[in-house]
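Below: start_4.tsv (TSV, C-alpha atoms)
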```
chain	number	residue	atom	x	y	z
A	576	GLU	CA	217.91	160.31	-123.50
A	577	ASP	CA	217.40	164.02	-122.95
A	578	GLN	CA	214.04	164.70	-121.40
A	579	VAL	CA	211.98	167.55	-119.97
A	580	THR	CA	208.97	166.76	-117.78
A	581	GLN	CA	206.46	169.26	-116.44
A	582	SER	CA	204.07	168.67	-113.57
A	583	PRO	CA	201.27	168.82	-112.86
A	584	GLU	CA	199.58	168.64	-116.26
A	585	ALA	CA	196.80	170.85	-114.99
A	586	LEU	CA	196.34	172.98	-111.90
A	587	ARG	CA	193.23	174.73	-110.60
A	588	LEU	CA	193.72	177.47	-108.04
A	589	GLN	CA	191.49	179.85	-106.19
A	590	GLU	CA	192.42	183.47	-106.62
A	591	GLY	CA	195.10	184.28	-104.06
A	592	GLU	CA	196.09	180.64	-103.53
A	593	SER	CA	199.85	180.44	-104.13
A	594	SER	CA	201.43	177.37	-105.70
A	595	SER	CA	204.35	176.10	-107.77
A	596	LEU	CA	204.80	174.48	-111.17
A	597	ASN	CA	207.63	172.03	-111.71
A	598	CYS	CA	209.94	171.42	-114.66
A	599	SER	CA	212.36	168.53	-114.18
A	600	TYR	CA	215.03	167.71	-116.73
A	601	THR	CA	217.61	165.08	-117.55
A	602	VAL	CA	219.91	166.51	-120.17
A	603	SER	CA	223.60	166.60	-120.83
A	604	GLY	CA	225.26	169.97	-120.92
A	605	LEU	CA	222.53	172.33	-119.69
A	606	ARG	CA	223.03	175.74	-121.27
A	607	GLY	CA	219.83	177.43	-120.21
A	608	LEU	CA	216.25	176.93	-119.11
A	609	PHE	CA	213.37	179.03	-120.42
A	610	TRP	CA	209.83	179.63	-119.16
A	611	TYR	CA	207.06	180.70	-121.52
A	612	ARG	CA	203.39	181.55	-121.05
A	613	GLN	CA	200.90	180.48	-123.72
A	614	ASP	CA	197.30	181.68	-123.92
A	615	PRO	CA	194.75	179.56	-125.82
A	616	GLY	CA	195.10	179.91	-129.59
A	617	LYS	CA	198.19	182.11	-129.26
A	618	GLY	CA	201.94	181.67	-129.49
A	619	PRO	CA	204.08	181.33	-126.37
A	620	GLU	CA	205.36	184.49	-124.73
A	621	PHE	CA	208.79	184.56	-123.14
A	622	LEU	CA	208.95	184.94	-119.35
A	623	PHE	CA	212.40	184.01	-117.99
A	624	THR	CA	215.79	182.54	-118.76
A	625	LEU	CA	217.82	180.77	-116.06
A	626	TYR	CA	221.39	179.66	-116.65
A	627	SER	CA	222.82	178.18	-113.47
A	628	ALA	CA	221.72	176.41	-110.29
A	629	GLY	CA	220.70	178.85	-107.60
A	630	GLU	CA	219.61	181.53	-110.02
A	631	GLU	CA	216.23	183.21	-109.49
A	632	LYS	CA	214.17	185.60	-111.64
A	633	GLU	CA	211.00	187.48	-110.73
A	634	LYS	CA	208.27	189.23	-112.66
A	635	GLU	CA	205.15	190.49	-110.91
A	636	ARG	CA	203.54	187.44	-109.23
A	637	LEU	CA	205.92	184.96	-110.86
A	638	LYS	CA	209.25	183.74	-109.58
A	639	ALA	CA	211.42	181.16	-111.35
A	640	THR	CA	214.15	179.16	-109.63
A	641	LEU	CA	216.66	176.62	-110.87
A	642	THR	CA	218.45	173.65	-109.33
A	643	LYS	CA	220.68	171.05	-110.97
A	644	LYS	CA	217.71	168.83	-111.75
A	645	GLU	CA	214.62	171.01	-111.90
A	646	SER	CA	213.09	174.44	-112.08
A	647	PHE	CA	210.10	175.81	-110.24
A	648	LEU	CA	207.74	178.55	-111.30
A	649	HIS	CA	206.20	179.97	-108.14
A	650	ILE	CA	202.97	181.89	-108.48
A	651	THR	CA	202.17	184.13	-105.52
A	652	ALA	CA	198.56	185.22	-104.93
A	653	PRO	CA	197.48	184.42	-108.49
A	654	LYS	CA	194.75	186.30	-110.31
A	655	PRO	CA	192.37	184.99	-112.99
A	656	GLU	CA	194.47	186.73	-115.64
A	657	ASP	CA	197.34	184.39	-114.77
A	658	SER	CA	195.35	181.53	-116.27
A	659	ALA	CA	197.36	180.08	-119.16
A	660	THR	CA	199.58	177.17	-120.10
A	661	TYR	CA	203.13	177.54	-118.83
A	662	LEU	CA	205.85	175.91	-120.93
A	663	CYS	CA	209.37	175.02	-119.89
A	664	ALA	CA	212.18	174.57	-122.43
A	665	VAL	CA	215.74	173.40	-121.87
A	666	GLN	CA	218.68	174.25	-124.07
A	667	ALA	CA	221.19	171.42	-123.98
A	668	ASN	CA	224.47	170.57	-125.63
A	669	SER	CA	224.89	166.93	-126.59
A	670	GLY	CA	227.76	165.68	-128.70
A	671	ASN	CA	228.66	169.21	-129.82
A	672	THR	CA	225.10	169.72	-131.00
A	673	ASP	CA	222.83	172.28	-129.36
A	674	LYS	CA	219.13	171.63	-129.10
A	675	LEU	CA	216.07	173.06	-127.42
A	676	ILE	CA	213.67	170.62	-125.75
A	677	PHE	CA	210.17	171.71	-124.74
A	678	GLY	CA	208.07	170.18	-122.01
A	679	THR	CA	204.37	169.50	-122.52
A	680	GLY	CA	203.28	172.36	-120.29
A	681	THR	CA	201.14	172.94	-117.20
A	682	ARG	CA	197.66	174.31	-117.80
A	683	LEU	CA	196.83	176.73	-114.98
A	684	GLN	CA	193.30	177.90	-114.22
A	685	VAL	CA	192.74	180.55	-111.55
A	686	PHE	CA	189.15	181.05	-110.36
A	687	PRO	CA	187.82	184.21	-108.69
B	1067	ASP	CA	204.84	197.58	-133.27
B	1068	GLY	CA	207.45	194.95	-134.05
B	1069	GLY	CA	206.45	191.35	-134.13
B	1070	ILE	CA	205.77	188.17	-136.05
B	1071	THR	CA	202.71	187.81	-138.25
B	1072	GLN	CA	201.40	184.40	-139.21
B	1073	SER	CA	198.64	183.83	-141.72
B	1074	PRO	CA	196.12	182.45	-142.12
B	1075	LYS	CA	194.85	181.81	-138.61
B	1076	TYR	CA	192.97	178.71	-139.78
B	1077	LEU	CA	193.72	176.55	-142.80
B	1078	PHE	CA	192.10	173.45	-144.22
B	1079	ARG	CA	193.88	170.97	-146.45
B	1080	LYS	CA	192.37	168.47	-148.81
B	1081	GLU	CA	193.92	165.09	-149.55
B	1082	GLY	CA	196.90	165.36	-151.89
B	1083	GLN	CA	197.08	169.12	-151.58
B	1084	ASN	CA	200.09	171.25	-150.68
B	1085	VAL	CA	199.43	174.26	-148.50
B	1086	THR	CA	201.68	177.16	-147.52
B	1087	LEU	CA	201.75	178.92	-144.18
B	1088	SER	CA	203.02	182.47	-144.12
B	1089	CYS	CA	205.38	183.97	-141.54
B	1090	GLU	CA	206.63	187.55	-141.64
B	1091	GLN	CA	208.72	189.38	-139.02
B	1092	ASN	CA	209.74	193.01	-138.65
B	1093	LEU	CA	212.04	192.51	-135.68
B	1094	ASN	CA	215.16	192.42	-137.86
B	1095	HIS	CA	216.02	189.02	-136.41
B	1096	ASP	CA	218.44	186.78	-138.27
B	1097	ALA	CA	217.09	183.42	-137.11
B	1098	MET	CA	213.61	182.05	-137.82
B	1099	TYR	CA	211.96	178.77	-136.90
B	1100	TRP	CA	208.93	176.62	-137.51
B	1101	TYR	CA	207.49	174.51	-134.71
B	1102	ARG	CA	204.61	172.09	-134.61
B	1103	GLN	CA	202.42	171.81	-131.51
B	1104	ASP	CA	200.19	168.77	-130.89
B	1105	PRO	CA	197.99	168.21	-127.83
B	1106	GLY	CA	199.91	166.52	-125.03
B	1107	GLN	CA	203.28	166.99	-126.74
B	1108	GLY	CA	206.02	169.54	-126.46
B	1109	LEU	CA	206.80	171.85	-129.34
B	1110	ARG	CA	208.77	170.08	-132.05
B	1111	LEU	CA	211.13	171.80	-134.44
B	1112	ILE	CA	210.41	171.40	-138.16
B	1113	TYR	CA	212.93	173.72	-139.83
B	1114	TYR	CA	215.08	176.67	-138.89
B	1115	SER	CA	217.05	179.30	-140.74
B	1116	GLN	CA	219.91	181.36	-139.37
B	1117	ILE	CA	220.50	183.46	-142.47
B	1118	VAL	CA	218.92	184.31	-145.78
B	1119	ASN	CA	219.11	181.55	-148.39
B	1120	ASP	CA	220.07	178.94	-145.82
B	1121	PHE	CA	217.96	176.63	-143.68
B	1122	GLN	CA	218.35	173.41	-141.73
B	1123	LYS	CA	216.09	170.47	-140.97
B	1124	GLY	CA	214.79	170.11	-137.46
B	1125	ASP	CA	213.55	166.99	-135.74
B	1126	ILE	CA	210.45	166.40	-137.88
B	1127	ALA	CA	211.19	167.87	-141.33
B	1128	GLU	CA	209.73	165.03	-143.41
B	1129	GLY	CA	206.74	166.19	-145.46
B	1130	TYR	CA	207.57	169.88	-145.05
B	1131	SER	CA	209.58	172.41	-147.06
B	1132	VAL	CA	210.67	176.00	-146.45
B	1133	SER	CA	212.40	178.89	-148.17
B	1134	ARG	CA	214.23	181.97	-146.89
B	1135	GLU	CA	214.57	184.40	-149.77
B	1136	LYS	CA	214.16	187.48	-147.58
B	1137	LYS	CA	215.22	188.16	-144.01
B	1138	GLU	CA	211.66	189.04	-143.07
B	1139	SER	CA	209.92	185.99	-144.50
B	1140	PHE	CA	210.04	182.26	-143.78
B	1141	PRO	CA	207.08	180.42	-145.38
B	1142	LEU	CA	206.37	176.78	-144.59
B	1143	THR	CA	204.83	174.41	-147.14
B	1144	VAL	CA	203.04	171.34	-145.86
B	1145	THR	CA	203.23	168.85	-148.69
B	1146	SER	CA	200.99	165.92	-149.50
B	1147	ALA	CA	203.77	163.67	-148.18
B	1148	GLN	CA	202.91	164.81	-144.64
B	1149	LYS	CA	200.29	162.23	-143.72
B	1150	ASN	CA	199.28	163.69	-140.38
B	1151	PRO	CA	199.36	167.45	-140.86
B	1152	THR	CA	196.64	168.44	-138.38
B	1153	ALA	CA	198.38	170.56	-135.75
B	1154	PHE	CA	198.99	174.09	-134.50
B	1155	TYR	CA	201.97	175.58	-136.35
B	1156	LEU	CA	204.10	178.24	-134.73
B	1157	CYS	CA	206.66	180.48	-136.36
B	1158	ALA	CA	209.34	182.08	-134.20
B	1159	SER	CA	212.40	184.25	-134.49
B	1160	SER	CA	215.42	185.10	-132.36
B	1161	ILE	CA	218.18	187.67	-132.34
B	1162	GLY	CA	220.93	185.09	-132.10
B	1163	GLY	CA	221.39	181.82	-133.85
B	1164	PHE	CA	219.88	178.45	-133.08
B	1165	PRO	CA	219.11	177.47	-130.44
B	1166	ASN	CA	220.33	180.33	-128.32
B	1167	GLU	CA	218.42	183.36	-127.17
B	1168	LYS	CA	214.78	183.67	-126.26
B	1169	LEU	CA	212.25	183.03	-128.98
B	1170	PHE	CA	209.58	185.43	-130.18
B	1171	PHE	CA	206.53	183.58	-131.44
B	1172	GLY	CA	203.74	184.42	-133.83
B	1173	SER	CA	200.08	183.72	-133.04
B	1174	GLY	CA	200.06	180.42	-134.90
B	1175	THR	CA	198.15	178.72	-137.70
B	1176	GLN	CA	195.75	175.87	-136.99
B	1177	LEU	CA	195.89	173.41	-139.89
B	1178	SER	CA	193.17	170.80	-140.28
B	1179	VAL	CA	192.50	168.11	-142.85
B	1180	LEU	CA	189.16	168.04	-144.67
```

Can the structure from this file be put into C-alpha coordinates for me?
Amino acid sequence: EDQVTQSPEALRLQEGESSSLNCSYTVSGLRGLFWYRQDPGKGPEFLFTLYSAGEEKEKERLKATLTKKESFLHITAPKPEDSATYLCAVQANSGNTDKLIFGTGTRLQVFP
Amino acid sequence: DGGITQSPKYLFRKEGQNVTLSCEQNLNHDAMYWYRQDPGQGLRLIYYSQIVNDFQKGDIAEGYSVSREKKESFPLTVTSAQKNPTAFYLCASSIGGFPNEKLFFGSGTQLSVL
(Lines of atoms letter the chains of each structure in order from A and count residues from 1; the text may use other names and numbers.)
(Lines give C-alpha, C1' and ligand atoms only; values in the text may rest on other atoms or scores of the structure.)
Protein backbone atom coordinates (compact mmCIF):
# COMPACT_ATOMS: atom_id res chain seq x y z
CA GLU A 1 0.00 0.00 0.00
CA ASP A 2 1.27 3.46 -0.88
CA GLN A 3 2.16 5.39 2.22
CA VAL A 4 3.73 8.68 3.29
CA THR A 5 4.97 9.08 6.86
CA GLN A 6 6.28 12.28 8.43
CA SER A 7 8.34 12.50 11.58
CA PRO A 8 8.45 13.81 14.16
CA GLU A 9 4.82 14.79 14.69
CA ALA A 10 5.93 17.86 16.59
CA LEU A 11 9.25 19.60 17.05
CA ARG A 12 10.21 22.40 19.43
CA LEU A 13 13.38 24.32 18.66
CA GLN A 14 15.20 27.22 20.19
CA GLU A 15 15.82 30.07 17.80
CA GLY A 16 19.03 29.29 15.91
CA GLU A 17 18.90 25.56 16.67
CA SER A 18 19.10 23.76 13.31
CA SER A 19 17.24 20.51 12.70
CA SER A 20 15.62 18.30 10.07
CA LEU A 21 12.12 17.05 9.34
CA ASN A 22 11.65 13.67 7.70
CA CYS A 23 9.22 12.42 5.07
CA SER A 24 9.53 8.72 4.27
CA TYR A 25 7.50 7.09 1.54
CA THR A 26 6.68 3.69 0.11
CA VAL A 27 5.02 4.22 -3.24
CA SER A 28 5.21 2.72 -6.67
CA GLY A 29 6.26 4.97 -9.48
CA LEU A 30 7.38 8.15 -7.70
CA ARG A 31 6.77 11.13 -9.97
CA GLY A 32 7.47 13.94 -7.56
CA LEU A 33 7.63 14.99 -3.92
CA PHE A 34 6.24 18.29 -2.65
CA TRP A 35 6.81 20.26 0.54
CA TYR A 36 4.22 22.73 1.82
CA ARG A 37 4.07 25.06 4.80
CA GLN A 38 0.75 25.54 6.60
CA ASP A 39 0.06 28.24 9.18
CA PRO A 40 -2.79 27.71 11.69
CA GLY A 41 -6.20 28.29 10.13
CA LYS A 42 -4.72 28.82 6.67
CA GLY A 43 -4.23 26.78 3.52
CA PRO A 44 -0.88 25.16 2.72
CA GLU A 45 1.68 27.21 0.83
CA PHE A 46 3.95 25.55 -1.71
CA LEU A 47 7.66 25.39 -0.88
CA PHE A 48 9.49 22.86 -3.09
CA THR A 49 9.15 20.12 -5.67
CA LEU A 50 11.75 17.34 -5.93
CA TYR A 51 11.71 14.82 -8.75
CA SER A 52 14.69 12.51 -8.47
CA ALA A 53 17.06 11.08 -5.86
CA GLY A 54 19.96 13.39 -5.16
CA GLU A 55 18.04 16.53 -6.00
CA GLU A 56 18.20 19.47 -3.59
CA LYS A 57 16.26 22.76 -3.40
CA GLU A 58 16.87 25.75 -1.13
CA LYS A 59 14.85 28.75 -0.04
CA GLU A 60 16.13 31.06 2.68
CA ARG A 61 16.67 28.89 5.79
CA LEU A 62 15.06 25.81 4.25
CA LYS A 63 16.72 23.09 2.22
CA ALA A 64 14.92 20.03 0.86
CA THR A 65 16.68 16.84 -0.20
CA LEU A 66 15.46 13.60 -1.72
CA THR A 67 16.63 9.99 -1.64
CA LYS A 68 14.96 6.87 -3.01
CA LYS A 69 13.06 6.31 0.23
CA GLU A 70 12.76 9.65 1.99
CA SER A 71 13.04 13.40 1.89
CA PHE A 72 14.45 15.75 4.48
CA LEU A 73 13.57 19.36 5.11
CA HIS A 74 16.56 20.95 6.80
CA ILE A 75 15.98 24.14 8.74
CA THR A 76 19.13 26.15 9.41
CA ALA A 77 19.17 28.67 12.27
CA PRO A 78 15.37 28.85 12.48
CA LYS A 79 13.48 31.94 13.56
CA PRO A 80 10.12 32.15 15.35
CA GLU A 81 8.46 33.05 12.05
CA ASP A 82 9.37 29.59 10.76
CA SER A 83 6.85 28.12 13.19
CA ALA A 84 4.21 26.25 11.17
CA THR A 85 3.14 22.78 10.14
CA TYR A 86 5.19 21.37 7.29
CA LEU A 87 3.42 18.95 4.96
CA CYS A 88 4.96 16.47 2.57
CA ALA A 89 3.06 15.09 -0.43
CA VAL A 90 4.09 12.40 -2.88
CA GLN A 91 2.84 12.08 -6.42
CA ALA A 92 2.81 8.43 -7.44
CA ASN A 93 1.75 6.39 -10.42
CA SER A 94 0.10 3.09 -9.61
CA GLY A 95 -1.57 0.92 -12.23
CA ASN A 96 -1.63 3.78 -14.75
CA THR A 97 -3.39 5.97 -12.21
CA ASP A 98 -1.75 9.07 -10.79
CA LYS A 99 -2.44 10.12 -7.25
CA LEU A 100 -1.19 12.57 -4.67
CA ILE A 101 -0.68 11.30 -1.12
CA PHE A 102 -0.23 13.72 1.78
CA GLY A 103 1.56 13.00 5.02
CA THR A 104 0.11 14.11 8.35
CA GLY A 105 2.65 16.88 8.81
CA THR A 106 5.25 18.01 11.34
CA ARG A 107 4.25 20.85 13.63
CA LEU A 108 7.30 23.05 14.21
CA GLN A 109 7.53 25.59 17.03
CA VAL A 110 10.54 27.89 17.24
CA PHE A 111 11.02 29.80 20.50
CA PRO A 112 13.03 33.01 20.88
CA ASP B 1 -3.52 40.00 -6.50
CA GLY B 2 -4.31 36.59 -7.93
CA GLY B 3 -5.42 33.86 -5.64
CA ILE B 4 -8.12 31.56 -4.35
CA THR B 5 -10.96 32.86 -2.19
CA GLN B 6 -12.94 30.53 0.02
CA SER B 7 -16.05 31.55 1.91
CA PRO B 8 -17.29 31.50 4.52
CA LYS B 9 -14.38 31.11 6.92
CA TYR B 10 -16.61 29.33 9.45
CA LEU B 11 -19.81 27.42 8.77
CA PHE B 12 -22.23 25.56 11.00
CA ARG B 13 -24.52 22.81 9.79
CA LYS B 14 -27.67 21.54 11.41
CA GLU B 15 -28.81 17.94 11.20
CA GLY B 16 -30.32 17.10 7.82
CA GLN B 17 -29.12 20.32 6.25
CA ASN B 18 -27.13 20.75 3.05
CA VAL B 19 -24.51 23.48 3.06
CA THR B 20 -22.43 24.93 0.23
CA LEU B 21 -18.84 26.08 0.45
CA SER B 22 -17.69 28.65 -2.06
CA CYS B 23 -14.39 28.63 -3.95
CA GLU B 24 -13.39 31.25 -6.50
CA GLN B 25 -10.02 31.65 -8.26
CA ASN B 26 -8.62 34.36 -10.50
CA LEU B 27 -5.41 32.56 -11.41
CA ASN B 28 -6.83 31.32 -14.73
CA HIS B 29 -6.06 27.76 -13.68
CA ASP B 30 -7.81 24.90 -15.43
CA ALA B 31 -7.78 22.40 -12.57
CA MET B 32 -9.52 22.82 -9.21
CA TYR B 33 -9.75 20.54 -6.20
CA TRP B 34 -11.49 20.07 -2.89
CA TYR B 35 -9.62 18.52 0.04
CA ARG B 36 -10.71 17.66 3.53
CA GLN B 37 -8.31 18.04 6.46
CA ASP B 38 -8.90 16.28 9.79
CA PRO B 39 -6.61 16.43 12.84
CA GLY B 40 -3.92 13.75 12.67
CA GLN B 41 -4.71 12.85 9.06
CA GLY B 42 -3.26 13.85 5.74
CA LEU B 43 -5.29 15.87 3.29
CA ARG B 44 -7.84 13.72 1.49
CA LEU B 45 -9.20 14.46 -1.96
CA ILE B 46 -12.98 14.85 -2.26
CA TYR B 47 -13.49 15.96 -5.87
CA TYR B 48 -11.45 17.51 -8.65
CA SER B 49 -12.18 19.17 -11.96
CA GLN B 50 -9.78 19.55 -14.86
CA ILE B 51 -12.11 21.50 -17.13
CA VAL B 52 -15.40 23.34 -17.07
CA ASN B 53 -18.47 21.10 -16.90
CA ASP B 54 -16.42 18.06 -15.93
CA PHE B 55 -15.38 16.72 -12.53
CA GLN B 56 -14.19 13.47 -11.01
CA LYS B 57 -14.64 11.80 -7.65
CA GLY B 58 -11.67 11.66 -5.34
CA ASP B 59 -11.02 9.25 -2.51
CA ILE B 60 -13.86 10.37 -0.22
CA ALA B 61 -16.63 11.73 -2.47
CA GLU B 62 -19.58 10.10 -0.67
CA GLY B 63 -21.90 12.70 0.85
CA TYR B 64 -20.49 15.55 -1.23
CA SER B 65 -21.37 17.12 -4.58
CA VAL B 66 -19.74 19.74 -6.79
CA SER B 67 -20.33 21.72 -9.96
CA ARG B 68 -18.01 23.49 -12.40
CA GLU B 69 -20.11 25.82 -14.52
CA LYS B 70 -17.41 28.48 -14.75
CA LYS B 71 -13.63 28.21 -14.89
CA GLU B 72 -13.31 30.49 -11.87
CA SER B 73 -15.74 28.72 -9.56
CA PHE B 74 -15.90 25.28 -7.96
CA PRO B 75 -18.47 25.16 -5.13
CA LEU B 76 -18.73 22.15 -2.81
CA THR B 77 -22.02 21.03 -1.28
CA VAL B 78 -21.90 18.97 1.88
CA THR B 79 -25.12 16.99 1.88
CA SER B 80 -27.04 15.49 4.76
CA ALA B 81 -25.70 12.11 3.63
CA GLN B 82 -22.27 13.10 4.97
CA LYS B 83 -22.56 11.88 8.54
CA ASN B 84 -19.27 13.25 9.82
CA PRO B 85 -18.85 16.61 8.10
CA THR B 86 -16.85 18.42 10.80
CA ALA B 87 -13.49 19.23 9.22
CA PHE B 88 -11.36 21.94 7.64
CA TYR B 89 -12.13 22.13 3.91
CA LEU B 90 -9.51 23.36 1.47
CA CYS B 91 -10.00 24.37 -2.13
CA ALA B 92 -7.00 24.35 -4.45
CA SER B 93 -6.11 24.94 -8.06
CA SER B 94 -3.24 24.09 -10.39
CA ILE B 95 -2.04 25.13 -13.82
CA GLY B 96 -1.80 21.58 -15.09
CA GLY B 97 -4.12 18.68 -14.70
CA PHE B 98 -4.49 16.28 -11.80
CA PRO B 99 -2.38 15.46 -9.97
CA ASN B 100 0.56 17.21 -11.55
CA GLU B 101 1.93 20.62 -10.77
CA LYS B 102 2.07 22.43 -7.47
CA LEU B 103 -1.20 23.30 -5.81
CA PHE B 104 -2.36 26.76 -4.82
CA PHE B 105 -4.65 26.63 -1.80
CA GLY B 106 -7.32 28.90 -0.43
CA SER B 107 -7.52 29.82 3.26
CA GLY B 108 -10.05 27.12 4.05
CA THR B 109 -13.51 26.79 5.56
CA GLN B 110 -14.02 25.25 9.00
CA LEU B 111 -17.30 23.34 9.01
CA SER B 112 -18.86 22.28 12.30
CA VAL B 113 -22.07 20.49 13.20
CA LEU B 114 -24.54 22.13 15.59

Tell me, in Å to one decimal, how far atom CA of Thr679 of chain A is from atom CA of Ser603 of chain A.
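One can read the atom CA of Thr679 of chain A to atom CA of Ser603 of chain A distance as 19.5 Å.
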
Coordinates-based distance that separates atom CA of Tyr611 of chain A from atom CA of Tyr1130 of chain B (Å, one decimal)
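Straight-line distance from atom CA of Tyr1130 of chain B to atom CA of Tyr611 of chain A works out to 25.9 Å.
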
Segment 1168-1177 of chain B: which residues within 10 Å, counting only C-alpha atoms, same-chain residues fewer than 5 positions away excluded, as a ChimeraX atom specification?
/A:608-611,613-624 /B:1069-1079,1085,1087-1091,1093,1095,1097-1103,1144,1151-1162

Neighbouring residues of segment 636-644 of chain A were defined as those with any atom within 8 Å, considering all atoms listed in the file; residues of the same chain fewer than 3 positions away were excluded. Please report them as an MDAnalysis selection string.
chainID A and resid 599:601 623 625 627:633 647:653

Please measure the separation of atom CA of Asp1104 of chain B and atom CA of Gly680 of chain A, giving the value in Å to one decimal.
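Calculated distance between atom CA of Asp1104 of chain B and atom CA of Gly680 of chain A is 11.6 Å.
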
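Residue nearest chain B within the list A:Glu656, A:Glu590, A:Glu635, A:Glu584: A:Glu584 [criterion: smallest interatomic distance, all atoms listed in the file].
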
What's around Leu1142 of chain B at 6 Å? Count all atoms listed in the file, leave out sequence neighbours fewer than 2 positions away in its own chain, and write the answer as a list in words.
Thr1086, Leu1087, Ser1131 and Val1132 of chain B

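When all atoms listed in the file are used to measure the gap to chain B, the shortest distance among A:Ser646, A:Gln589, A:Gln666, A:Ser595 belongs to A:Gln666.
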
Name the residues in contact with Thr1145 of chain B at a cut-off of 6 Å, using only C-alpha atoms, excluding same-chain residues fewer than 3 positions from it; report them as an NGL selection string.
:B and (1084 or 1129-1130 or 1148)

Please provide the set of residues having any atom within 8 Å of Asp657 of chain A, restricted to all atoms listed in the file, with same-chain residues fewer than 4 positions apart removed, written as a list in words.
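Everything that qualifies: Pro653, Leu683, Gln684 and Val685 of chain A.
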
Take the point (221.8, 180.8, -141.6) as written in the file and pick out every residue within 12 Å of it, counting all atoms listed in the file; give the list as number ranges by chain.
B: 1095-1099, 1113-1123, 1133-1137, 1162-1165

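The shortest atom-to-atom distance to chain B, with all atoms listed in the file taken into account, belongs to A:Gly678 out of A:Gly591, A:Pro583, A:Gly678, A:Gly604.
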
Student task, segment 619-653 of chain A output with N, CA and C atoms as an mmCIF file, in the first residue's frame:
```cif
data_model
loop_
_atom_site.group_PDB
_atom_site.id
_atom_site.type_symbol
_atom_site.label_atom_id
_atom_site.label_comp_id
_atom_site.auth_asym_id
_atom_site.auth_seq_id
_atom_site.Cartn_x
_atom_site.Cartn_y
_atom_site.Cartn_z
ATOM 1 N N PRO A 619 -2.309 25.402 2.936
ATOM 2 C CA PRO A 619 -0.885 25.161 2.716
ATOM 3 C C PRO A 619 -0.313 26.073 1.626
ATOM 4 N N GLU A 620 0.967 26.375 1.798
ATOM 5 C CA GLU A 620 1.677 27.205 0.826
ATOM 6 C C GLU A 620 2.831 26.403 0.265
ATOM 7 N N PHE A 621 2.932 26.351 -1.055
ATOM 8 C CA PHE A 621 3.947 25.545 -1.709
ATOM 9 C C PHE A 621 5.360 26.040 -1.386
ATOM 10 N N LEU A 622 6.253 25.068 -1.122
ATOM 11 C CA LEU A 622 7.665 25.386 -0.883
ATOM 12 C C LEU A 622 8.564 24.840 -2.000
ATOM 13 N N PHE A 623 8.549 23.509 -2.167
ATOM 14 C CA PHE A 623 9.490 22.863 -3.094
ATOM 15 C C PHE A 623 8.843 21.690 -3.817
ATOM 16 N N THR A 624 9.404 21.383 -4.992
ATOM 17 C CA THR A 624 9.150 20.120 -5.673
ATOM 18 C C THR A 624 10.489 19.447 -5.944
ATOM 19 N N LEU A 625 10.567 18.136 -5.646
ATOM 20 C CA LEU A 625 11.751 17.342 -5.931
ATOM 21 C C LEU A 625 11.323 16.174 -6.807
ATOM 22 N N TYR A 626 12.126 15.848 -7.803
ATOM 23 C CA TYR A 626 11.708 14.825 -8.755
ATOM 24 C C TYR A 626 12.562 13.559 -8.749
ATOM 25 N N SER A 627 13.845 13.697 -8.378
ATOM 26 C CA SER A 627 14.687 12.512 -8.466
ATOM 27 C C SER A 627 15.677 12.483 -7.311
ATOM 28 N N ALA A 628 16.111 11.269 -6.960
ATOM 29 C CA ALA A 628 17.059 11.078 -5.859
ATOM 30 C C ALA A 628 18.314 11.895 -6.107
ATOM 31 N N GLY A 629 18.772 12.562 -5.047
ATOM 32 C CA GLY A 629 19.958 13.392 -5.158
ATOM 33 C C GLY A 629 19.648 14.860 -5.393
ATOM 34 N N GLU A 630 18.418 15.144 -5.719
ATOM 35 C CA GLU A 630 18.038 16.529 -5.999
ATOM 36 C C GLU A 630 17.912 17.317 -4.695
ATOM 37 N N GLU A 631 18.293 18.593 -4.739
ATOM 38 C CA GLU A 631 18.195 19.474 -3.590
ATOM 39 C C GLU A 631 17.596 20.805 -4.036
ATOM 40 N N LYS A 632 16.804 21.432 -3.143
ATOM 41 C CA LYS A 632 16.258 22.763 -3.398
ATOM 42 C C LYS A 632 16.423 23.590 -2.132
ATOM 43 N N GLU A 633 16.682 24.875 -2.284
ATOM 44 C CA GLU A 633 16.874 25.752 -1.131
ATOM 45 C C GLU A 633 16.030 27.003 -1.256
ATOM 46 N N LYS A 634 15.585 27.485 -0.098
ATOM 47 C CA LYS A 634 14.851 28.745 -0.041
ATOM 48 C C LYS A 634 15.057 29.320 1.340
ATOM 49 N N GLU A 635 15.812 30.401 1.407
ATOM 50 C CA GLU A 635 16.127 31.062 2.677
ATOM 51 C C GLU A 635 16.739 30.044 3.648
ATOM 52 N N ARG A 636 16.101 29.784 4.780
ATOM 53 C CA ARG A 636 16.671 28.889 5.791
ATOM 54 C C ARG A 636 16.290 27.428 5.567
ATOM 55 N N LEU A 637 15.560 27.155 4.513
ATOM 56 C CA LEU A 637 15.064 25.806 4.247
ATOM 57 C C LEU A 637 15.813 25.153 3.095
ATOM 58 N N LYS A 638 16.101 23.868 3.279
ATOM 59 C CA LYS A 638 16.721 23.087 2.222
ATOM 60 C C LYS A 638 16.072 21.712 2.186
ATOM 61 N N ALA A 639 15.571 21.320 1.016
ATOM 62 C CA ALA A 639 14.919 20.025 0.861
ATOM 63 C C ALA A 639 15.807 19.105 0.049
ATOM 64 N N THR A 640 15.893 17.853 0.502
ATOM 65 C CA THR A 640 16.679 16.838 -0.203
ATOM 66 C C THR A 640 15.829 15.595 -0.417
ATOM 67 N N LEU A 641 16.235 14.782 -1.380
ATOM 68 C CA LEU A 641 15.458 13.597 -1.724
ATOM 69 C C LEU A 641 16.367 12.401 -1.959
ATOM 70 N N THR A 642 15.988 11.261 -1.343
ATOM 71 C CA THR A 642 16.634 9.988 -1.636
ATOM 72 C C THR A 642 15.566 9.058 -2.211
ATOM 73 N N LYS A 643 15.920 7.797 -2.423
ATOM 74 C CA LYS A 643 14.956 6.866 -3.010
ATOM 75 C C LYS A 643 13.858 6.464 -2.037
ATOM 76 N N LYS A 644 14.055 6.757 -0.742
ATOM 77 C CA LYS A 644 13.062 6.315 0.229
ATOM 78 C C LYS A 644 12.521 7.435 1.104
ATOM 79 N N GLU A 645 13.198 8.600 1.088
ATOM 80 C CA GLU A 645 12.758 9.650 1.987
ATOM 81 C C GLU A 645 13.236 11.019 1.527
ATOM 82 N N SER A 646 12.627 12.019 2.132
ATOM 83 C CA SER A 646 13.037 13.401 1.892
ATOM 84 C C SER A 646 13.234 14.064 3.245
ATOM 85 N N PHE A 647 14.207 14.977 3.273
ATOM 86 C CA PHE A 647 14.450 15.754 4.476
ATOM 87 C C PHE A 647 14.229 17.227 4.180
ATOM 88 N N LEU A 648 13.654 17.902 5.168
ATOM 89 C CA LEU A 648 13.566 19.358 5.108
ATOM 90 C C LEU A 648 14.447 19.891 6.225
ATOM 91 N N HIS A 649 15.596 20.439 5.835
ATOM 92 C CA HIS A 649 16.560 20.950 6.803
ATOM 93 C C HIS A 649 16.246 22.416 7.075
ATOM 94 N N ILE A 650 16.238 22.754 8.359
ATOM 95 C CA ILE A 650 15.983 24.142 8.743
ATOM 96 C C ILE A 650 17.231 24.642 9.466
ATOM 97 N N THR A 651 17.887 25.612 8.866
ATOM 98 C CA THR A 651 19.130 26.149 9.408
ATOM 99 C C THR A 651 18.858 27.446 10.161
ATOM 100 N N ALA A 652 19.321 27.479 11.420
ATOM 101 C CA ALA A 652 19.165 28.668 12.270
ATOM 102 C C ALA A 652 17.744 29.218 12.202
ATOM 103 N N PRO A 653 16.764 28.416 12.603
ATOM 104 C CA PRO A 653 15.366 28.847 12.476
ATOM 105 C C PRO A 653 15.039 30.060 13.321
#
```
